[in-house]
file run-v7.csv (CSV, C-alpha atoms)
chain,number,residue,atom,x,y,z
A,1,MET,CA,57.9,85.8,224.2
A,2,GLN,CA,55.2,88.5,224.4
A,3,GLN,CA,52.5,88.5,221.7
A,4,PRO,CA,52.9,91.4,219.3
A,5,ARG,CA,50.1,93.9,219.6
A,6,ALA,CA,48.1,95.5,216.8
A,7,LEU,CA,45.4,98.2,216.8
A,8,VAL,CA,43.0,98.3,213.9
A,9,ILE,CA,41.2,101.6,213.4
A,10,GLY,CA,37.9,100.9,211.6
A,11,ALA,CA,35.6,97.9,211.8
A,12,GLY,CA,34.7,97.7,208.1
A,13,VAL,CA,35.3,94.8,205.8
A,14,GLY,CA,39.0,95.5,205.4
A,15,GLY,CA,39.7,96.2,209.1
A,16,LEU,CA,37.9,93.1,210.3
A,17,THR,CA,39.6,90.8,207.7
A,18,ALA,CA,43.0,92.1,208.8
A,19,ALA,CA,42.1,91.5,212.4
A,20,ALA,CA,40.9,87.9,211.7
A,21,ALA,CA,44.0,87.2,209.6
A,22,LEU,CA,46.4,88.6,212.2
A,23,HIS,CA,44.6,86.7,215.0
A,24,ARG,CA,45.3,83.5,213.1
A,25,ARG,CA,49.0,84.6,212.9
A,26,GLY,CA,49.2,84.9,216.7
A,27,TRP,CA,48.9,88.7,217.1
A,28,SER,CA,47.0,90.3,220.0
A,29,LEU,CA,44.3,92.5,218.4
A,30,THR,CA,42.0,95.4,219.3
A,31,VAL,CA,39.7,96.9,216.7
A,32,LEU,CA,38.6,100.4,217.4
A,33,GLU,CA,35.3,101.5,215.8
A,34,ARG,CA,33.8,105.0,216.0
A,35,ALA,CA,30.2,103.8,215.6
A,36,VAL,CA,28.3,102.9,218.7
A,37,ARG,CA,27.4,99.4,217.4
A,38,LEU,CA,28.0,97.3,214.3
A,39,GLU,CA,24.5,97.8,213.0
A,40,PRO,CA,23.2,96.2,209.8
A,41,VAL,CA,23.9,99.3,207.7
A,42,GLY,CA,25.0,99.6,204.1
A,43,ALA,CA,23.8,97.6,201.1
A,44,GLY,CA,25.2,94.9,198.9
A,45,ILE,CA,28.8,94.0,198.3
A,46,SER,CA,30.1,91.8,195.4
A,47,LEU,CA,32.8,89.3,196.2
A,48,ALA,CA,34.6,87.7,193.2
A,49,ALA,CA,36.9,84.7,193.1
A,50,ASN,CA,40.0,86.7,194.1
A,51,SER,CA,38.6,87.8,197.5
A,52,GLN,CA,37.0,84.4,198.1
A,53,ARG,CA,40.5,82.8,197.8
A,54,ALA,CA,41.8,85.5,200.2
A,55,LEU,CA,39.0,84.6,202.7
A,56,ASP,CA,40.1,81.0,202.5
A,57,ALA,CA,43.1,82.2,204.5
A,58,ILE,CA,40.8,82.8,207.4
A,59,ALA,CA,38.7,79.7,206.7
A,60,LEU,CA,35.8,81.8,205.5
A,61,GLY,CA,35.8,81.4,201.7
A,62,ASP,CA,33.5,78.4,201.5
A,63,GLU,CA,30.9,80.1,203.7
A,64,VAL,CA,30.9,83.0,201.3
A,65,ARG,CA,30.7,80.8,198.2
A,66,ALA,CA,27.7,79.1,199.7
A,67,LEU,CA,25.9,82.5,199.5
A,68,ALA,CA,26.1,82.7,195.7
A,69,ALA,CA,22.6,83.5,194.4
A,70,TRP,CA,23.3,84.1,190.7
A,71,GLN,CA,22.5,80.9,188.7
A,72,GLY,CA,22.0,81.0,185.0
A,73,GLY,CA,22.1,83.9,182.6
A,74,GLY,CA,22.3,87.7,182.9
A,75,GLY,CA,24.1,90.5,181.3
A,76,LEU,CA,24.0,94.1,180.0
A,77,ARG,CA,20.8,95.8,178.7
A,78,THR,CA,19.5,99.1,177.3
A,79,PRO,CA,16.8,101.1,179.1
A,80,GLY,CA,14.3,99.7,176.7
A,81,GLY,CA,15.2,96.2,177.7
A,82,ARG,CA,17.3,95.1,174.7
A,83,TRP,CA,20.2,92.8,175.6
A,84,LEU,CA,23.6,94.2,174.6
A,85,SER,CA,25.6,91.3,175.9
A,86,ARG,CA,25.0,88.1,177.8
A,87,MET,CA,27.0,86.1,180.3
A,88,ASP,CA,26.2,83.2,182.7
A,89,SER,CA,27.3,82.3,186.2
A,90,ALA,CA,28.9,78.9,185.2
A,91,THR,CA,31.3,80.6,182.8
A,92,MET,CA,32.4,83.1,185.5
A,93,THR,CA,32.9,80.3,187.9
A,94,GLU,CA,34.8,78.1,185.4
A,95,ARG,CA,37.1,80.9,184.3
A,96,PHE,CA,38.1,82.3,187.7
A,97,GLY,CA,37.6,79.4,190.0
A,98,GLY,CA,34.7,80.8,192.0
A,99,PRO,CA,31.2,82.2,191.6
A,100,LEU,CA,30.3,85.9,191.7
A,101,VAL,CA,28.7,86.3,195.2
A,102,LEU,CA,26.5,89.3,196.1
A,103,LEU,CA,25.6,89.5,199.8
A,104,HIS,CA,24.5,92.2,202.2
A,105,ARG,CA,27.5,94.0,203.7
A,106,ALA,CA,26.1,93.3,207.2
A,107,THR,CA,26.2,89.6,206.5
A,108,LEU,CA,29.9,89.7,205.6
A,109,VAL,CA,30.6,91.8,208.7
A,110,ASP,CA,28.9,89.2,210.9
A,111,LEU,CA,30.9,86.4,209.3
A,112,LEU,CA,34.2,88.3,209.9
A,113,VAL,CA,33.3,89.1,213.5
A,114,SER,CA,32.7,85.4,214.1
A,115,ARG,CA,36.4,84.8,213.3
A,116,LEU,CA,37.5,87.0,216.2
A,117,PRO,CA,37.6,86.4,220.0
A,118,GLU,CA,35.0,88.1,222.1
A,119,GLY,CA,35.9,91.6,223.1
A,120,VAL,CA,38.3,92.3,220.3
A,121,VAL,CA,36.0,94.8,218.6
A,122,ARG,CA,35.4,98.0,220.7
A,123,THR,CA,32.6,100.1,219.4
A,124,GLY,CA,31.8,103.7,220.3
A,125,THR,CA,35.6,104.3,220.4
A,126,ALA,CA,36.9,107.2,218.2
A,127,ALA,CA,40.6,106.8,217.7
A,128,ARG,CA,43.3,109.2,216.5
A,129,LEU,CA,46.8,108.3,215.4
A,130,THR,CA,49.2,110.6,217.3
A,131,ASP,CA,52.5,108.9,216.5
A,132,PRO,CA,53.2,106.5,213.7
A,133,GLY,CA,56.1,105.0,215.6
A,134,ALA,CA,59.5,103.9,214.2
A,135,ALA,CA,62.2,101.3,214.8
A,136,GLY,CA,62.5,101.1,218.6
A,137,ARG,CA,59.4,103.2,219.2
A,138,PRO,CA,55.8,101.9,219.2
A,139,ALA,CA,53.0,103.6,217.4
A,140,ARG,CA,50.6,105.6,219.6
A,141,VAL,CA,46.8,106.0,219.2
A,142,THR,CA,44.7,108.3,221.4
A,143,THR,CA,41.1,107.5,222.4
A,144,GLU,CA,38.8,109.0,225.0
A,145,ASP,CA,40.1,106.6,227.6
A,146,GLY,CA,43.7,107.5,227.0
A,147,ASP,CA,46.7,106.7,224.9
A,148,HIS,CA,47.4,103.2,223.5
A,149,GLU,CA,50.7,101.9,222.3
A,150,ALA,CA,51.1,99.1,219.7
A,151,ASP,CA,53.7,97.3,217.6
A,152,LEU,CA,51.4,97.9,214.6
A,153,VAL,CA,48.5,100.2,213.7
A,154,ILE,CA,46.2,99.5,210.7
A,155,GLY,CA,44.4,102.4,209.2
A,156,ALA,CA,41.2,100.9,207.9
A,157,ASP,CA,39.1,104.1,208.4
A,158,GLY,CA,37.7,104.5,205.0
A,159,ILE,CA,37.8,107.0,202.2
A,160,ASP,CA,38.0,110.0,204.5
A,161,SER,CA,40.8,108.3,206.5
A,162,ALA,CA,42.2,110.5,209.2
A,163,VAL,CA,45.1,108.0,209.5
A,164,ARG,CA,46.0,108.7,205.9
A,165,GLY,CA,45.9,112.4,206.5
A,166,THR,CA,48.3,112.0,209.5
A,167,LEU,CA,50.7,109.9,207.5
A,168,PHE,CA,50.6,111.8,204.2
A,169,PRO,CA,49.3,115.3,205.0
A,170,ASP,CA,50.3,116.7,201.6
A,171,HIS,CA,48.5,114.1,199.5
A,172,PRO,CA,45.3,115.5,197.8
A,173,GLY,CA,43.2,112.5,198.7
A,174,PRO,CA,40.3,111.1,196.6
A,175,ARG,CA,38.9,113.0,193.6
A,176,TYR,CA,35.2,113.2,192.6
A,177,ALA,CA,34.5,110.7,189.8
A,178,GLY,CA,31.7,112.7,188.2
A,179,PHE,CA,28.8,110.6,189.3
A,180,THR,CA,26.7,109.7,192.3
A,181,THR,CA,25.1,106.4,193.3
A,182,TRP,CA,22.0,105.1,195.0
A,183,ARG,CA,21.7,101.7,196.6
A,184,VAL,CA,18.7,99.7,198.1
A,185,VAL,CA,18.1,96.2,199.4
A,186,ILE,CA,14.4,95.1,199.1
A,187,PRO,CA,12.3,92.0,199.1
A,188,ALA,CA,12.2,90.3,195.7
A,189,PRO,CA,9.6,91.5,193.2
A,190,ASP,CA,6.7,89.2,192.3
A,191,ARG,CA,8.0,88.7,188.7
A,192,PRO,CA,11.2,86.7,188.2
A,193,PHE,CA,14.1,88.4,186.5
A,194,GLU,CA,17.5,87.7,185.2
A,195,PRO,CA,20.4,89.7,186.9
A,196,HIS,CA,21.3,92.7,184.8
A,197,GLU,CA,23.1,96.0,184.6
A,198,THR,CA,21.4,98.5,182.3
A,199,TRP,CA,23.3,101.4,180.7
A,200,GLY,CA,21.6,104.6,179.5
A,201,ARG,CA,22.9,108.2,178.8
A,202,GLY,CA,24.9,109.1,181.9
A,203,ARG,CA,22.9,106.7,184.0
A,204,ILE,CA,23.1,103.0,184.9
A,205,TRP,CA,20.9,100.6,186.9
A,206,GLY,CA,21.6,97.2,188.3
A,207,THR,CA,19.3,94.6,189.8
A,208,GLN,CA,20.9,91.5,191.5
A,209,PRO,CA,19.5,88.7,193.6
A,210,LEU,CA,20.8,87.9,197.1
A,211,LYS,CA,20.8,84.3,198.6
A,212,ASP,CA,18.3,85.2,201.3
A,213,GLY,CA,15.6,86.1,198.7
A,214,ARG,CA,16.1,89.8,198.7
A,215,VAL,CA,17.3,92.0,195.9
A,216,TYR,CA,20.2,94.4,195.8
A,217,ALA,CA,19.6,97.2,193.3
A,218,TYR,CA,21.8,100.2,192.5
A,219,GLY,CA,21.8,103.2,190.3
A,220,ALA,CA,24.4,105.7,189.2
A,221,ALA,CA,24.1,109.0,187.3
A,222,VAL,CA,26.3,111.9,186.3
A,223,ALA,CA,25.6,114.7,188.7
A,224,PRO,CA,27.4,117.7,190.4
A,225,PRO,CA,29.1,116.7,193.7
A,226,GLY,CA,27.2,117.1,196.9
A,227,GLY,CA,23.8,117.1,195.2
A,228,ARG,CA,20.6,116.0,196.9
A,229,ALA,CA,17.1,115.5,195.6
A,230,PRO,CA,14.7,118.4,196.1
A,231,ASP,CA,12.1,116.1,197.7
A,232,ASP,CA,13.5,112.6,198.5
A,233,GLU,CA,15.9,110.2,196.8
A,234,LEU,CA,13.2,107.7,195.9
A,235,SER,CA,11.4,110.4,193.9
A,236,GLU,CA,14.7,111.1,192.2
A,237,LEU,CA,15.1,107.4,191.3
A,238,LEU,CA,11.6,107.4,189.9
A,239,ARG,CA,12.4,110.4,187.7
A,240,LEU,CA,15.6,108.9,186.5
A,241,TYR,CA,14.6,105.2,186.1
A,242,GLY,CA,10.8,104.9,186.4
A,243,ASP,CA,10.3,104.3,182.7
A,244,TRP,CA,13.1,101.8,182.2
A,245,HIS,CA,12.5,98.1,181.5
A,246,ARG,CA,11.1,95.6,184.1
A,247,PRO,CA,11.9,94.7,186.8
A,248,ILE,CA,13.2,98.3,187.5
A,249,PRO,CA,9.7,99.8,188.0
A,250,ASP,CA,8.7,96.8,190.2
A,251,VAL,CA,11.8,97.3,192.3
A,252,LEU,CA,11.2,101.0,192.7
A,253,ALA,CA,7.6,100.3,193.7
A,254,SER,CA,8.9,98.2,196.7
A,255,VAL,CA,11.3,100.9,197.9
A,256,ALA,CA,10.6,103.1,200.9
A,257,PRO,CA,12.2,106.6,200.8
A,258,GLN,CA,14.2,106.0,204.0
A,259,ASP,CA,15.8,102.9,202.6
A,260,VAL,CA,17.7,104.7,199.8
A,261,LEU,CA,21.4,105.3,200.3
A,262,ARG,CA,23.0,108.0,198.2
A,263,HIS,CA,26.8,108.6,198.0
A,264,ASP,CA,29.0,110.6,195.6
A,265,ILE,CA,31.8,108.4,194.1
A,266,ARG,CA,35.4,109.5,194.7
A,267,TYR,CA,38.6,107.6,193.8
A,268,MET,CA,42.3,107.9,194.4
A,269,ALA,CA,43.4,109.3,191.1
A,270,GLU,CA,46.9,110.1,192.5
A,271,PRO,CA,48.6,107.1,194.2
A,272,LEU,CA,50.0,107.5,197.7
A,273,PRO,CA,53.8,107.3,197.9
A,274,ALA,CA,53.4,104.2,200.1
A,275,TYR,CA,50.8,102.2,202.0
A,276,HIS,CA,52.8,102.5,205.2
A,277,ARG,CA,54.9,104.8,207.3
A,278,GLY,CA,56.6,103.9,210.5
A,279,ARG,CA,54.6,101.1,212.2
A,280,VAL,CA,51.3,102.0,210.4
A,281,ALA,CA,49.7,100.4,207.4
A,282,LEU,CA,46.8,101.6,205.3
A,283,LEU,CA,44.3,99.4,203.6
A,284,GLY,CA,41.1,99.5,201.6
A,285,ASP,CA,39.5,102.8,200.8
A,286,ALA,CA,42.0,104.6,203.1
A,287,ALA,CA,44.7,103.6,200.7
A,288,HIS,CA,43.2,103.2,197.3
A,289,ALA,CA,39.5,104.3,197.0
A,290,MET,CA,38.1,103.2,193.6
A,291,ALA,CA,35.0,103.6,191.5
A,292,PRO,CA,32.6,100.7,192.0
A,293,THR,CA,32.3,99.9,188.3
A,294,MET,CA,34.3,96.7,188.6
A,295,GLY,CA,32.8,95.8,192.0
A,296,GLN,CA,36.4,95.5,193.4
A,297,GLY,CA,36.5,97.9,196.3
A,298,GLY,CA,35.8,95.4,199.0
A,299,ASN,CA,37.6,92.7,197.2
A,300,GLN,CA,40.8,94.7,197.2
A,301,ALA,CA,40.5,95.5,200.9
A,302,ILE,CA,40.2,91.8,201.7
A,303,GLU,CA,43.3,91.1,199.6
A,304,ASP,CA,45.2,93.9,201.4
A,305,ALA,CA,44.3,92.4,204.7
A,306,VAL,CA,45.5,88.9,203.9
A,307,VAL,CA,48.7,90.0,202.2
A,308,LEU,CA,49.5,92.3,205.1
A,309,ALA,CA,49.1,89.4,207.6
A,310,HIS,CA,51.2,87.1,205.4
A,311,HIS,CA,54.1,89.5,205.8
A,312,LEU,CA,53.7,89.9,209.6
A,313,ALA,CA,55.1,86.9,211.3
A,314,PRO,CA,54.1,86.5,215.0
A,315,ASP,CA,57.7,87.1,216.1
A,316,THR,CA,57.9,90.4,214.3
A,317,ALA,CA,59.6,92.9,216.7
A,318,ASP,CA,60.0,95.6,214.1
A,319,PRO,CA,57.5,95.6,211.2
A,320,SER,CA,59.4,98.0,208.9
A,321,ALA,CA,60.6,95.4,206.4
A,322,ALA,CA,57.2,93.6,206.5
A,323,LEU,CA,55.3,96.8,205.8
A,324,ALA,CA,57.7,97.8,203.0
A,325,ALA,CA,57.0,94.4,201.4
A,326,TYR,CA,53.3,95.0,201.8
A,327,THR,CA,53.5,98.3,199.9
A,328,ARG,CA,55.6,96.6,197.2
A,329,ASP,CA,53.0,93.9,196.8
A,330,ARG,CA,49.8,96.0,197.0
A,331,LEU,CA,50.4,99.5,195.6
A,332,PRO,CA,51.0,98.4,191.9
A,333,ARG,CA,48.1,95.9,191.9
A,334,THR,CA,45.5,98.1,193.6
A,335,MET,CA,46.3,101.2,191.6
A,336,ASP,CA,46.0,99.1,188.4
A,337,VAL,CA,42.5,98.1,189.6
A,338,VAL,CA,41.8,101.8,190.4
A,339,ARG,CA,42.7,102.8,186.9
A,340,ARG,CA,40.7,100.0,185.3
A,341,SER,CA,37.7,100.9,187.3
A,342,ALA,CA,38.1,104.6,186.3
A,343,ARG,CA,38.2,103.6,182.6
A,344,SER,CA,35.0,101.6,183.1
A,345,ALA,CA,33.4,104.6,184.8
A,346,ARG,CA,34.1,106.7,181.7
A,347,MET,CA,32.1,104.3,179.6
A,348,ILE,CA,29.0,104.5,181.8
A,349,THR,CA,29.1,108.3,182.2
A,350,LEU,CA,28.8,109.1,178.5
A,351,THR,CA,26.0,111.6,178.1
A,352,SER,CA,26.2,112.4,174.3
A,353,ALA,CA,23.6,110.5,172.3
A,354,PRO,CA,26.0,109.7,169.4
A,355,ALA,CA,28.6,108.5,171.8
A,356,VAL,CA,26.1,106.3,173.7
A,357,ALA,CA,24.8,104.9,170.5
A,358,LEU,CA,28.4,104.1,169.3
A,359,ARG,CA,29.2,102.5,172.7
A,360,ASP,CA,26.1,100.3,172.6
A,361,ALA,CA,26.7,99.2,169.1
A,362,ALA,CA,30.3,98.3,169.8
A,363,ILE,CA,29.2,96.3,172.9
A,364,ALA,CA,26.6,94.4,171.0
A,365,ALA,CA,28.9,93.7,168.1
A,366,ILE,CA,31.7,92.5,170.3
A,367,GLY,CA,29.2,90.3,172.2
A,368,ARG,CA,28.2,88.6,169.0
A,369,LEU,CA,31.7,88.2,167.6
A,370,ALA,CA,33.5,87.4,170.8
A,371,PRO,CA,31.1,86.0,173.4
A,372,GLY,CA,32.3,86.2,176.9
A,373,ILE,CA,34.4,89.3,176.3
A,374,ALA,CA,32.8,91.0,179.4
A,375,ILE,CA,34.0,88.2,181.6
A,376,ARG,CA,37.5,88.3,180.2
A,377,SER,CA,37.8,91.9,181.2
A,378,PHE,CA,38.3,90.6,184.7
A,379,ASP,CA,41.4,88.7,183.7
A,380,GLY,CA,44.3,89.8,185.9
A,381,VAL,CA,41.8,90.8,188.6
A,382,ALA,CA,39.5,88.0,189.6
A,383,ASP,CA,42.2,85.3,189.0
A,384,TRP,CA,44.5,86.6,191.7
A,385,ARG,CA,45.7,84.2,194.4
A,386,PRO,CA,47.0,84.9,197.9
A,387,PRO,CA,50.7,84.5,198.6
A,388,THR,CA,50.1,82.0,201.4
A,389,PRO,CA,48.5,78.5,201.5
A,390,THR,CA,44.8,78.8,202.2
A,391,TYR,CA,42.3,76.4,203.6
A,392,PRO,CA,38.6,75.5,203.1
A,393,ALA,CA,36.3,76.2,206.0
A,394,GLY,CA,36.2,73.4,208.5
A,395,HIS,CA,39.7,72.2,208.0
A,396,GLY,CA,41.3,74.5,210.6
A,397,GLY,CA,44.4,75.1,208.4
A,398,SER,CA,45.2,71.4,208.0
A,399,GLN,CA,44.8,71.2,204.2
A,400,ASP,CA,46.3,73.3,201.5
A,401,ARG,CA,43.6,74.7,199.1
A,402,THR,CA,45.3,76.9,196.6
A,403,GLY,CA,49.0,77.0,197.3
A,404,PRO,CA,51.2,80.0,196.8
A,405,GLY,CA,50.3,82.5,194.2
A,406,ARG,CA,50.8,86.1,192.9
A,407,THR,CA,50.4,89.3,194.8
A,408,GLY,CA,50.6,91.8,192.0
A,409,GLU,CA,54.2,92.6,191.2
A,410,ASN,CA,55.8,90.5,194.0
A,411,THR,CA,55.4,87.2,195.9
call {"tool": "encode", "arguments": {"input": "run-v7.csv", "output": "structure tokens"}}
result
Amino acid sequence: MQQPRALVIGAGVGGLTAAAALHRRGWSLTVLERAVRLEPVGAGISLAANSQRALDAIALGDEVRALAAWQGGGGLRTPGGRWLSRMDSATMTERFGGPLVLLHRATLVDLLVSRLPEGVVRTGTAARLTDPGAAGRPARVTTEDGDHEADLVIGADGIDSAVRGTLFPDHPGPRYAGFTTWRVVIPAPDRPFEPHETWGRGRIWGTQPLKDGRVYAYGAAVAPPGGRAPDDELSELLRLYGDWHRPIPDVLASVAPQDVLRHDIRYMAEPLPAYHRGRVALLGDAAHAMAPTMGQGGNQAIEDAVVLAHHLAPDTADPSAALAAYTRDRLPRTMDVVRRSARSARMITLTSAPAVALRDAAIAAIGRLAPGIAIRSFDGVADWRPPTPTYPAGHGGSQDRTGPGRTGENT
């Protein structure tokens, strides 16, 4: 029997995870990436226990867990340095079954590529979906070197997904969330610090350690869409955060202007009617872009990939039923996370001084009266389990790690 063939458009975290998961299921894969090479671009990504369990399905979860750098305390602070609430890494691990892991996005991409055969990823290859296919008709993708037919096409081409636009041309797409973000990865400052997120008036800052000794730092601020600093983005960060508590000034002192990434935040306020059409599936930001306030964007893309592969048996001649099951599993869950992330975003984008004071007082009071409430806000998100048996790295699929579990509304 001929191997079923899949084309993945986009070599980001979701696309590469889908390729690795389908490869393990016996599919023939080609990943088409517009960029000339998979360079170490981007900044940090946060992986919670839910995506770690999903990565167990491709024997990668333990390698990711080994990259956890957060040990001990941390929490939420005010710009003056006062702690509003505290949490510790052990409590997070105990409650959800895995540590919170922050790593450079390029590190995760390298790990995912290592799970694929040589030559599967084709860089410098812009791809366009020209026919989503149907029962009895393959999907078709066009590149510079001609047309390619496939039993399955996966649109993992990001928030501005052209594949999504082809499948659902009348959908309005992502909406501006009202704030922009900056991200940097730098060497660790000389003074030790506890991981923290700091909330001000319409502004936040986070400083988090990476396993390799570097620091991932990020800021977010209410701003009109499409804005840019009049000089450079580092100068803008200094204006916004330069007088906030340590280690923020130390971090900014280590940043070079060219190292600052700035992106407006958009999210899928209106859900798509489905995450598939014909022989094409959407995943990650292409399907359900979300605010980064819960750190779940990449996690949900990884979940998508593993659930999609779970439904696609290697003898799948027509994926219609499998893709419908994928939509039933993933659309309710991911849109719940989109909405929860949007609610969190509203809390950090308050600009009124009385509203901010009330917010901070409420957080501090809840932290005193109900310690750990911040961690419990991830219930129903970080405790997700994949619908298929998963395996720790090094066992090659010979030992069940977690057993069957939930995928949102369905299993």
call {"tool": "closest_residue", "arguments": {"input": "run-v7.csv", "among": "A:Val185, A:Leu240, A:Val222, A:Leu358", "to": "A:Gln258", "atoms": "all atoms listed in the file"}}
result
A:Val185
call {"tool": "closest_residue", "arguments": {"input": "run-v7.csv", "among": "A:Ala317, A:Met87, A:Ala43, A:Ala68", "to": "A:Trp182", "atoms": "all atoms listed in the file"}}
result
A:Ala43
call {"tool": "residues_around", "arguments": {"input": "run-v7.csv", "residues": "A:Leu84", "least_positions_apart": "4", "cutoff": "6 Å", "atoms": "only C-alpha atoms", "output": "list in words"}}
result
Leu76, Arg77 and Ala364 of chain A
call {"tool": "closest_residue", "arguments": {"input": "run-v7.csv", "among": "A:Pro230, A:Pro169, A:Pro187, A:Gly200", "to": "A:Gly213", "atoms": "only C-alpha atoms"}}
result
A:Pro187
call {"tool": "closest_residue", "arguments": {"input": "run-v7.csv", "among": "A:Ile9, A:Ile248, A:Met347, A:Ile45", "to": "A:Thr142", "atoms": "all atoms listed in the file"}}
result
A:Ile9
call {"tool": "closest_residue", "arguments": {"input": "run-v7.csv", "among": "A:Gly15, A:Gly242, A:Gly98, A:Gly202", "to": "A:Ala353", "atoms": "all atoms listed in the file"}}
result
A:Gly202
call {"tool": "atom_distance", "arguments": {"input": "run-v7.csv", "atom1": "atom CA of A:Ala19", "atom2": "atom CA of A:Val338"}}
result
24.3 Å
call {"tool": "atom_distance", "arguments": {"input": "run-v7.csv", "atom1": "atom CA of A:Ile154", "atom2": "atom CA of A:Asp170"}}
result
19.9 Å
call {"tool": "closest_residue", "arguments": {"input": "run-v7.csv", "among": "A:Ala370, A:Trp199, A:Gly133, A:Asp88", "to": "A:Trp70", "atoms": "all atoms listed in the file"}}
result
A:Asp88
call {"tool": "residues_around", "arguments": {"input": "run-v7.csv", "residues": "A:Pro4", "least_positions_apart": "4", "cutoff": "12 Å", "atoms": "only C-alpha atoms", "output": "list in words"}}
result
Leu22, His23, Arg25, Gly26, Trp27, Ser28, Leu29, Thr30, Pro138, Glu149, Ala150, Asp151, Leu152, Val153, Leu312, Ala313, Pro314, Asp315, Thr316, Ala317, Asp318 and Pro319 of chain A
call {"tool": "residues_around", "arguments": {"input": "run-v7.csv", "residues": "A:Gly44", "least_positions_apart": "6", "cutoff": "12 Å", "atoms": "all atoms listed in the file", "output": "number ranges by chain"}}
result
A: 101-109, 182-186, 206-211, 214-218, 261, 292, 295, 297-298
call {"tool": "residues_around", "arguments": {"input": "run-v7.csv", "residues": "stretch 339-341 of chain A", "least_positions_apart": "4", "cutoff": "12 Å", "atoms": "all atoms listed in the file", "output": "PyMOL selection string"}}
result
chain A and resi 177+265-271+288-297+332-335+345-348+377-381
call {"tool": "atom_distance", "arguments": {"input": "run-v7.csv", "atom1": "atom CA of A:Glu194", "atom2": "atom CA of A:Gly72"}}
result
8.1 Å
call {"tool": "residues_near_point", "arguments": {"input": "run-v7.csv", "point": "(35.0, 100.9, 216.9)", "cutoff": "8 Å", "atoms": "all atoms listed in the file", "output": "PDB file with C-alpha atoms, keeping the file's coordinate frame"}}
result
ATOM      1  CA  ILE A   9      41.200 101.600 213.400  1.00  0.00           C
ATOM      2  CA  GLY A  10      37.900 100.900 211.600  1.00  0.00           C
ATOM      3  CA  ALA A  11      35.600  97.900 211.800  1.00  0.00           C
ATOM      4  CA  VAL A  31      39.700  96.900 216.700  1.00  0.00           C
ATOM      5  CA  LEU A  32      38.600 100.400 217.400  1.00  0.00           C
ATOM      6  CA  GLU A  33      35.300 101.500 215.800  1.00  0.00           C
ATOM      7  CA  ARG A  34      33.800 105.000 216.000  1.00  0.00           C
ATOM      8  CA  ALA A  35      30.200 103.800 215.600  1.00  0.00           C
ATOM      9  CA  VAL A  36      28.300 102.900 218.700  1.00  0.00           C
ATOM     10  CA  ARG A  37      27.400  99.400 217.400  1.00  0.00           C
ATOM     11  CA  VAL A 121      36.000  94.800 218.600  1.00  0.00           C
ATOM     12  CA  ARG A 122      35.400  98.000 220.700  1.00  0.00           C
ATOM     13  CA  THR A 123      32.600 100.100 219.400  1.00  0.00           C
ATOM     14  CA  GLY A 124      31.800 103.700 220.300  1.00  0.00           C
ATOM     15  CA  THR A 125      35.600 104.300 220.400  1.00  0.00           C
ATOM     16  CA  ALA A 126      36.900 107.200 218.200  1.00  0.00           C
TER      17      ALA A 126
END
call {"tool": "residues_around", "arguments": {"input": "run-v7.csv", "residues": "A:Gly178", "least_positions_apart": "2", "cutoff": "7 Å", "atoms": "all atoms listed in the file", "output": "VMD selection string"}}
result
chain A and resid 176 222 to 224
call {"tool": "build_atoms", "arguments": {"input": "run-v7.csv", "residues": "stretch 347-354 of chain A", "atoms": "N, CA, C and O atoms", "output": "PDB file, in the coordinates of the input"}}
result
ATOM      1  N   MET A 347      33.056 104.862 180.576  1.00  0.00           N
ATOM      2  CA  MET A 347      32.100 104.300 179.600  1.00  0.00           C
ATOM      3  C   MET A 347      30.666 104.459 180.066  1.00  0.00           C
ATOM      4  O   MET A 347      29.777 104.664 179.232  1.00  0.00           O
ATOM      5  N   ILE A 348      30.407 104.413 181.357  1.00  0.00           N
ATOM      6  CA  ILE A 348      29.000 104.500 181.800  1.00  0.00           C
ATOM      7  C   ILE A 348      28.585 105.953 182.037  1.00  0.00           C
ATOM      8  O   ILE A 348      27.396 106.207 182.257  1.00  0.00           O
ATOM      9  N   THR A 349      29.519 106.889 181.993  1.00  0.00           N
ATOM     10  CA  THR A 349      29.100 108.300 182.200  1.00  0.00           C
ATOM     11  C   THR A 349      29.050 109.090 180.936  1.00  0.00           C
ATOM     12  O   THR A 349      28.960 110.315 180.973  1.00  0.00           O
ATOM     13  N   LEU A 350      29.051 108.427 179.794  1.00  0.00           N
ATOM     14  CA  LEU A 350      28.800 109.100 178.500  1.00  0.00           C
ATOM     15  C   LEU A 350      27.441 109.721 178.496  1.00  0.00           C
ATOM     16  O   LEU A 350      26.462 109.045 178.818  1.00  0.00           O
ATOM     17  N   THR A 351      27.339 110.969 178.100  1.00  0.00           N
ATOM     18  CA  THR A 351      26.000 111.600 178.100  1.00  0.00           C
ATOM     19  C   THR A 351      25.623 112.033 176.637  1.00  0.00           C
ATOM     20  O   THR A 351      24.455 112.328 176.392  1.00  0.00           O
ATOM     21  N   SER A 352      26.549 112.075 175.703  1.00  0.00           N
ATOM     22  CA  SER A 352      26.200 112.400 174.300  1.00  0.00           C
ATOM     23  C   SER A 352      25.487 111.293 173.646  1.00  0.00           C
ATOM     24  O   SER A 352      25.930 110.132 173.690  1.00  0.00           O
ATOM     25  N   ALA A 353      24.362 111.589 172.996  1.00  0.00           N
ATOM     26  CA  ALA A 353      23.600 110.500 172.300  1.00  0.00           C
ATOM     27  C   ALA A 353      24.378 109.808 171.268  1.00  0.00           C
ATOM     28  O   ALA A 353      24.338 108.566 171.213  1.00  0.00           O
ATOM     29  N   PRO A 354      25.146 110.476 170.409  1.00  0.00           N
ATOM     30  CA  PRO A 354      26.000 109.700 169.400  1.00  0.00           C
ATOM     31  C   PRO A 354      26.997 108.828 170.097  1.00  0.00           C
ATOM     32  O   PRO A 354      27.218 107.698 169.657  1.00  0.00           O
TER      33      PRO A 354
END
